[in-house]
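S.K.: Structure file run_7.cif (mmCIF, C-alpha atoms and all ligand atoms; chains and numbers go by the auth columns) is given on the next line.
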data_coords
loop_
_atom_site.group_PDB
_atom_site.id
_atom_site.type_symbol
_atom_site.label_atom_id
_atom_site.label_comp_id
_atom_site.label_asym_id
_atom_site.label_seq_id
_atom_site.Cartn_x
_atom_site.Cartn_y
_atom_site.Cartn_z
_atom_site.B_iso_or_equiv
_atom_site.auth_seq_id
_atom_site.auth_asym_id
ATOM 1 C CA MET A 1 -66.784 3.701 -18.538 0.00 992 G
ATOM 2 C CA LYS A 2 -64.129 3.632 -15.832 0.00 993 G
ATOM 3 C CA LYS A 3 -60.598 2.904 -16.931 0.00 994 G
ATOM 4 C CA ARG A 4 -58.751 0.270 -14.999 0.00 995 G
ATOM 5 C CA GLU A 5 -55.189 0.514 -13.791 0.00 996 G
ATOM 6 C CA LYS A 6 -53.133 -2.374 -15.103 0.00 997 G
ATOM 7 C CA TYR A 7 -49.546 -3.549 -15.230 0.00 998 G
ATOM 8 C CA CYS A 8 -48.058 -4.168 -18.628 0.00 999 G
ATOM 9 C CA ARG A 9 -46.935 -7.778 -18.923 0.00 1000 G
ATOM 10 C CA ASN A 10 -44.001 -6.790 -21.064 0.00 1001 G
ATOM 11 C CA CYS A 11 -42.456 -3.666 -19.537 0.00 1002 G
ATOM 12 C CA GLY A 12 -44.159 -3.673 -16.127 0.00 1003 G
ATOM 13 C CA GLU A 13 -45.399 -0.083 -16.401 0.00 1004 G
ATOM 14 C CA THR A 14 -48.841 0.817 -15.169 0.00 1005 G
ATOM 15 C CA PHE A 15 -51.368 1.856 -17.772 0.00 1006 G
ATOM 16 C CA ARG A 16 -55.066 2.504 -17.983 0.00 1007 G
ATOM 17 C CA SER A 17 -57.361 0.658 -20.283 0.00 1008 G
ATOM 18 C CA LYS A 18 -61.048 0.397 -20.888 0.00 1009 G
ATOM 19 C CA ARG A 19 -60.596 -3.208 -21.837 0.00 1010 G
ATOM 20 C CA ILE A 20 -60.909 -5.657 -18.987 0.00 1011 G
ATOM 21 C CA ASP A 21 -58.578 -8.085 -20.750 0.00 1012 G
ATOM 22 C CA ALA A 22 -55.840 -5.593 -21.696 0.00 1013 G
ATOM 23 C CA LYS A 23 -52.417 -7.006 -20.855 0.00 1014 G
ATOM 24 C CA TYR A 24 -50.012 -4.598 -22.529 0.00 1015 G
ATOM 25 C CA CYS A 25 -49.582 -0.827 -22.423 0.00 1016 G
ATOM 26 C CA SER A 26 -48.890 -0.420 -26.136 0.00 1017 G
ATOM 27 C CA VAL A 27 -48.924 -2.137 -29.504 0.00 1018 G
ATOM 28 C CA SER A 28 -45.154 -2.608 -29.376 0.00 1019 G
ATOM 29 C CA CYS A 29 -45.319 -4.203 -25.919 0.00 1020 G
ATOM 30 C CA ARG A 30 -48.088 -6.482 -27.112 0.00 1021 G
ATOM 31 C CA GLY A 31 -45.950 -7.523 -30.085 0.00 1022 G
ATOM 32 C CA MET A 32 -42.928 -8.208 -27.890 0.00 1023 G
ATOM 33 C CA GLY A 33 -45.038 -10.005 -25.325 0.00 1024 G
ATOM 34 C CA ASN A 34 -46.537 -12.298 -27.917 0.00 1025 G
ATOM 35 C CA ARG A 35 -43.150 -13.101 -29.435 0.00 1026 G
ATOM 36 C CA ALA A 36 -41.661 -13.705 -26.000 0.00 1027 G
ATOM 37 C CA ARG A 37 -44.436 -16.122 -25.163 0.00 1028 G
ATOM 38 C CA LYS A 38 -43.784 -18.159 -28.305 0.00 1029 G
ATOM 39 C CA LYS A 39 -40.002 -18.227 -27.901 0.00 1030 G
ATOM 40 C CA PRO A 40 -39.168 -17.355 -24.296 0.00 1031 G
ATOM 41 C CA GLU A 41 -35.580 -18.525 -24.707 0.00 1032 G
ATOM 42 C CA LEU A 42 -34.875 -15.626 -27.073 0.00 1033 G
ATOM 43 C CA TYR A 43 -36.123 -12.916 -24.759 0.00 1034 G
ATOM 44 C CA ASP A 44 -34.842 -13.811 -21.365 0.00 1035 G
ATOM 45 C CA GLY A 45 -31.037 -14.011 -21.425 0.00 1036 G
ATOM 46 C CA THR A 46 -30.766 -17.013 -19.153 0.00 1037 G
ATOM 47 C CA MET A 47 -32.620 -20.176 -18.280 0.00 1038 G
ATOM 48 C CA SER A 48 -32.082 -22.460 -15.360 0.00 1039 G
ATOM 49 C CA VAL A 49 -31.797 -26.146 -15.998 0.00 1040 G
ATOM 50 C CA GLU A 50 -32.183 -28.655 -13.240 0.00 1041 G
ATOM 51 C CA PHE A 51 -31.021 -32.224 -13.214 0.00 1042 G
ATOM 52 C CA SER A 52 -30.064 -34.789 -10.633 0.00 1043 G
ATOM 53 C CA LEU A 53 -26.931 -36.736 -9.947 0.00 1044 G
ATOM 54 C CA LYS A 54 -26.419 -39.603 -7.569 0.00 1045 G
ATOM 55 C CA PRO A 55 -24.527 -38.503 -4.426 0.00 1046 G
ATOM 56 C CA ASN A 56 -21.384 -40.371 -5.461 0.00 1047 G
ATOM 57 C CA GLU A 57 -21.508 -38.813 -8.936 0.00 1048 G
ATOM 58 C CA TYR A 58 -21.888 -35.374 -7.435 0.00 1049 G
ATOM 59 C CA LEU A 59 -18.964 -35.927 -5.067 0.00 1050 G
ATOM 60 C CA LYS A 60 -16.782 -37.118 -7.930 0.00 1051 G
ATOM 61 C CA LEU A 61 -17.758 -34.036 -9.913 0.00 1052 G
ATOM 62 C CA LEU A 62 -16.901 -31.798 -6.961 0.00 1053 G
ATOM 63 C CA LYS A 63 -13.555 -33.507 -6.374 0.00 1054 G
ATOM 64 C CA ASP A 64 -12.480 -33.683 -10.021 0.00 1055 G
ATOM 65 C CA GLY A 65 -13.761 -30.145 -10.547 0.00 1056 G
ATOM 66 C CA GLN A 66 -11.558 -28.814 -7.769 0.00 1057 G
ATOM 67 C CA ILE A 67 -8.512 -30.362 -9.424 0.00 1058 G
ATOM 68 C CA ILE A 68 -9.142 -28.589 -12.725 0.00 1059 G
ATOM 69 C CA GLY A 69 -10.746 -25.542 -11.080 0.00 1060 G
ATOM 70 C CA ILE A 70 -14.379 -25.751 -12.180 0.00 1061 G
ATOM 71 C CA THR A 71 -17.569 -25.902 -10.178 0.00 1062 G
ATOM 72 C CA PRO A 72 -20.340 -28.425 -10.853 0.00 1063 G
ATOM 73 C CA GLU A 73 -22.314 -25.489 -12.265 0.00 1064 G
ATOM 74 C CA ASP A 74 -19.541 -24.623 -14.749 0.00 1065 G
ATOM 75 C CA TYR A 75 -19.369 -28.259 -15.714 0.00 1066 G
ATOM 76 C CA ALA A 76 -23.140 -28.484 -16.247 0.00 1067 G
ATOM 77 C CA GLN A 77 -23.042 -25.340 -18.394 0.00 1068 G
ATOM 78 C CA THR A 78 -20.227 -26.789 -20.485 0.00 1069 G
ATOM 79 C CA ILE A 79 -22.130 -30.019 -20.998 0.00 1070 G
ATOM 80 C CA CYS A 80 -25.301 -28.138 -21.985 0.00 1071 G
ATOM 81 C CA LYS A 81 -23.399 -25.928 -24.442 0.00 1072 G
ATOM 82 C CA GLU A 82 -21.686 -28.938 -26.004 0.00 1073 G
ATOM 83 C CA PHE A 83 -25.046 -30.639 -26.306 0.00 1074 G
ATOM 84 C CA ILE A 84 -26.548 -27.603 -28.045 0.00 1075 G
ATOM 85 C CA ASN A 85 -23.559 -27.360 -30.399 0.00 1076 G
ATOM 86 C CA ASN A 86 -23.947 -31.013 -31.281 0.00 1077 G
ATOM 87 C CA LEU A 87 -27.599 -30.432 -32.116 0.00 1078 G
ATOM 88 C CA LYS A 88 -26.651 -27.614 -34.497 0.00 1079 G
ATOM 89 C CA ASN A 89 -24.134 -29.723 -36.423 0.00 1080 G
HETATM 90 ZN ZN ZN B . -45.526 -2.006 -21.845 0.00 1101 G
#
Would you mind writing the file's structure down as structure tokens?
Ligand SMILES: [Zn+2]
M.R.:
Amino acid sequence: MKKREKYCRNCGETFRSKRIDAKYCSVSCRGMGNRARKKPELYDGTMSVEFSLKPNEYLKLLKDGQIIGITPEDYAQTICKEFINNLKN
């Protein structure tokens, strides 16, 4: 039977497999891939979070942020981190 060239979903390397449904090059990549799928937040250092503000809220954030030297992005990160810390406590 012809082996197929595939890309490992975990490490991205090419590999050959007889199995049509093979997704990983090795047992360890399969293990990591499965864990990453269950808890993606633990395996990819960052996540992007999107939320909306009304234009006047955004402008206020920009203006007040300039005074204390933070960007809206910094502010959003701070808020998210505080939120997470509050959940832990
Ligand atoms: Zn791999």
S.K.: Just give me the gap between CA of Lys1079 (chain G) and CA of Ile1059 (chain G) in Å, one decimal is fine.
M.R.: 28.0 Å
S.K.: Produce a table with one row for each residue of chain G that has an atom at most 8 Å from any atom of ligand ZN 1101 (chain G), each row naming the nearest atom pair and its distance in Å at one decimal; use only C-alpha atoms and all ligand atoms; arrange rows by chain and rising residue number; format as a tab-separated table.
M.R.:
residue	atom	partner	partner_atom	distance
G:Tyr998	CA	G:ZN1101	ZN	7.9
G:Cys999	CA	G:ZN1101	ZN	4.6
G:Arg1000	CA	G:ZN1101	ZN	6.6
G:Asn1001	CA	G:ZN1101	ZN	5.1
G:Cys1002	CA	G:ZN1101	ZN	4.2
G:Gly1003	CA	G:ZN1101	ZN	6.1
G:Glu1004	CA	G:ZN1101	ZN	5.8
G:Thr1005	CA	G:ZN1101	ZN	8.0
G:Tyr1015	CA	G:ZN1101	ZN	5.2
G:Cys1016	CA	G:ZN1101	ZN	4.3
G:Ser1017	CA	G:ZN1101	ZN	5.7
G:Ser1019	CA	G:ZN1101	ZN	7.6
G:Cys1020	CA	G:ZN1101	ZN	4.6
G:Arg1021	CA	G:ZN1101	ZN	7.4
S.K.: Selection from above, C-alpha atoms, as a compact mmCIF listing (two decimals), in the frame of the given file, can you write it?
M.R.:
# COMPACT_ATOMS: atom_id res chain seq x y z
CA TYR G 998 -49.55 -3.55 -15.23
CA CYS G 999 -48.06 -4.17 -18.63
CA ARG G 1000 -46.94 -7.78 -18.92
CA ASN G 1001 -44.00 -6.79 -21.06
CA CYS G 1002 -42.46 -3.67 -19.54
CA GLY G 1003 -44.16 -3.67 -16.13
CA GLU G 1004 -45.40 -0.08 -16.40
CA THR G 1005 -48.84 0.82 -15.17
CA TYR G 1015 -50.01 -4.60 -22.53
CA CYS G 1016 -49.58 -0.83 -22.42
CA SER G 1017 -48.89 -0.42 -26.14
CA SER G 1019 -45.15 -2.61 -29.38
CA CYS G 1020 -45.32 -4.20 -25.92
CA ARG G 1021 -48.09 -6.48 -27.11
S.K.: Kindly indicate which residue among G:Ala1067, G:Val1018, G:Ile1011, G:Ile1075 lies nearest to Glu1041 (chain G), using all atoms listed in the file for the distances.
M.R.: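 Ranking G:Ala1067, G:Val1018, G:Ile1011, G:Ile1075 by distance to Glu1041 (chain G), first place goes to G:Ala1067.
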S.K.: One number please: CA of Gln1068 (chain G) to CA of Arg1026 (chain G), in Å, one decimal.
M.R.: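 Going from CA of Gln1068 (chain G) over to CA of Arg1026 (chain G), I get 26.0 Å.
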S.K.: For CA of Val1040 (chain G) and CA of Ile1058 (chain G), determine how far apart the two atoms are, in Å to one decimal place.
M.R.: 24.6 Å
S.K.: From the set G:Leu1052, G:Lys1029, G:Asp1012, G:Met1023, which residue has the shortest atom-to-atom contact distance to Tyr1066 (chain G), counting all atoms listed in the file?
M.R.: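 Using all atoms listed in the file, Tyr1066 (chain G) sits closest to G:Leu1052.
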S.K.: Filtering to C-alpha atoms, could region 992-1057 of chain G of the supplied structure be written out as an mmCIF file, in the first residue's frame?
M.R.:
data_model
loop_
_atom_site.group_PDB
_atom_site.id
_atom_site.type_symbol
_atom_site.label_atom_id
_atom_site.label_comp_id
_atom_site.auth_asym_id
_atom_site.auth_seq_id
_atom_site.Cartn_x
_atom_site.Cartn_y
_atom_site.Cartn_z
ATOM 1 C CA MET G 992 0.000 0.000 0.000
ATOM 2 C CA LYS G 993 1.267 3.465 -0.870
ATOM 3 C CA LYS G 994 2.268 5.683 2.009
ATOM 4 C CA ARG G 995 0.874 9.167 2.002
ATOM 5 C CA GLU G 996 2.806 12.316 2.751
ATOM 6 C CA LYS G 997 1.201 14.224 5.591
ATOM 7 C CA TYR G 998 1.860 17.211 7.806
ATOM 8 C CA CYS G 999 1.928 16.618 11.519
ATOM 9 C CA ARG G 1000 -0.727 18.720 13.226
ATOM 10 C CA ASN G 1001 1.474 19.227 16.237
ATOM 11 C CA CYS G 1002 4.997 19.938 14.986
ATOM 12 C CA GLY G 1003 4.276 20.637 11.309
ATOM 13 C CA GLU G 1004 6.843 18.138 10.019
ATOM 14 C CA THR G 1005 6.040 15.989 7.033
ATOM 15 C CA PHE G 1006 5.690 12.282 7.643
ATOM 16 C CA ARG G 1007 4.505 9.237 5.781
ATOM 17 C CA SER G 1008 1.732 7.033 6.973
ATOM 18 C CA LYS G 1009 -0.258 4.142 5.667
ATOM 19 C CA ARG G 1010 -3.244 5.389 7.572
ATOM 20 C CA ILE G 1011 -5.473 7.760 5.666
ATOM 21 C CA ASP G 1012 -6.555 9.427 8.905
ATOM 22 C CA ALA G 1013 -3.090 9.858 10.458
ATOM 23 C CA LYS G 1014 -2.693 13.370 11.849
ATOM 24 C CA TYR G 1015 0.521 13.186 13.855
ATOM 25 C CA CYS G 1016 4.048 12.031 13.052
ATOM 26 C CA SER G 1017 4.635 10.272 16.368
ATOM 27 C CA VAL G 1018 3.017 9.042 19.556
ATOM 28 C CA SER G 1019 4.389 12.021 21.479
ATOM 29 C CA CYS G 1020 2.999 14.495 18.936
ATOM 30 C CA ARG G 1021 -0.350 12.749 19.080
ATOM 31 C CA GLY G 1022 -0.335 13.034 22.876
ATOM 32 C CA MET G 1023 0.550 16.726 22.767
ATOM 33 C CA GLY G 1024 -1.961 17.377 20.024
ATOM 34 C CA ASN G 1025 -4.759 15.763 21.971
ATOM 35 C CA ARG G 1026 -3.905 17.672 25.140
ATOM 36 C CA ALA G 1027 -3.640 20.924 23.210
ATOM 37 C CA ARG G 1028 -7.059 20.375 21.709
ATOM 38 C CA LYS G 1029 -8.628 19.896 25.138
ATOM 39 C CA LYS G 1030 -6.888 22.877 26.740
ATOM 40 C CA PRO G 1031 -5.629 25.156 23.970
ATOM 41 C CA GLU G 1032 -4.973 27.983 26.419
ATOM 42 C CA LEU G 1033 -2.150 25.985 28.013
ATOM 43 C CA TYR G 1034 -0.292 25.295 24.798
ATOM 44 C CA ASP G 1035 -0.384 28.492 22.868
ATOM 45 C CA GLY G 1036 1.239 31.281 24.896
ATOM 46 C CA THR G 1037 -1.215 33.970 23.901
ATOM 47 C CA MET G 1038 -4.855 34.405 23.023
ATOM 48 C CA SER G 1039 -6.533 37.361 21.450
ATOM 49 C CA VAL G 1040 -9.661 38.697 23.034
ATOM 50 C CA GLU G 1041 -11.979 40.988 21.182
ATOM 51 C CA PHE G 1042 -14.572 43.281 22.633
ATOM 52 C CA SER G 1043 -16.309 46.462 21.623
ATOM 53 C CA LEU G 1044 -16.523 49.893 23.127
ATOM 54 C CA LYS G 1045 -18.740 52.761 22.133
ATOM 55 C CA PRO G 1046 -16.793 55.451 20.226
ATOM 56 C CA ASN G 1047 -16.979 57.887 23.137
ATOM 57 C CA GLU G 1048 -15.758 55.209 25.557
ATOM 58 C CA TYR G 1049 -12.870 54.391 23.274
ATOM 59 C CA LEU G 1050 -11.909 58.056 22.939
ATOM 60 C CA LYS G 1051 -12.003 58.495 26.704
ATOM 61 C CA LEU G 1052 -9.804 55.428 27.083
ATOM 62 C CA LEU G 1053 -7.348 56.806 24.527
ATOM 63 C CA LYS G 1054 -7.254 60.238 26.163
ATOM 64 C CA ASP G 1055 -6.998 59.027 29.762
ATOM 65 C CA GLY G 1056 -4.503 56.378 28.671
ATOM 66 C CA GLN G 1057 -2.214 58.993 27.166
#
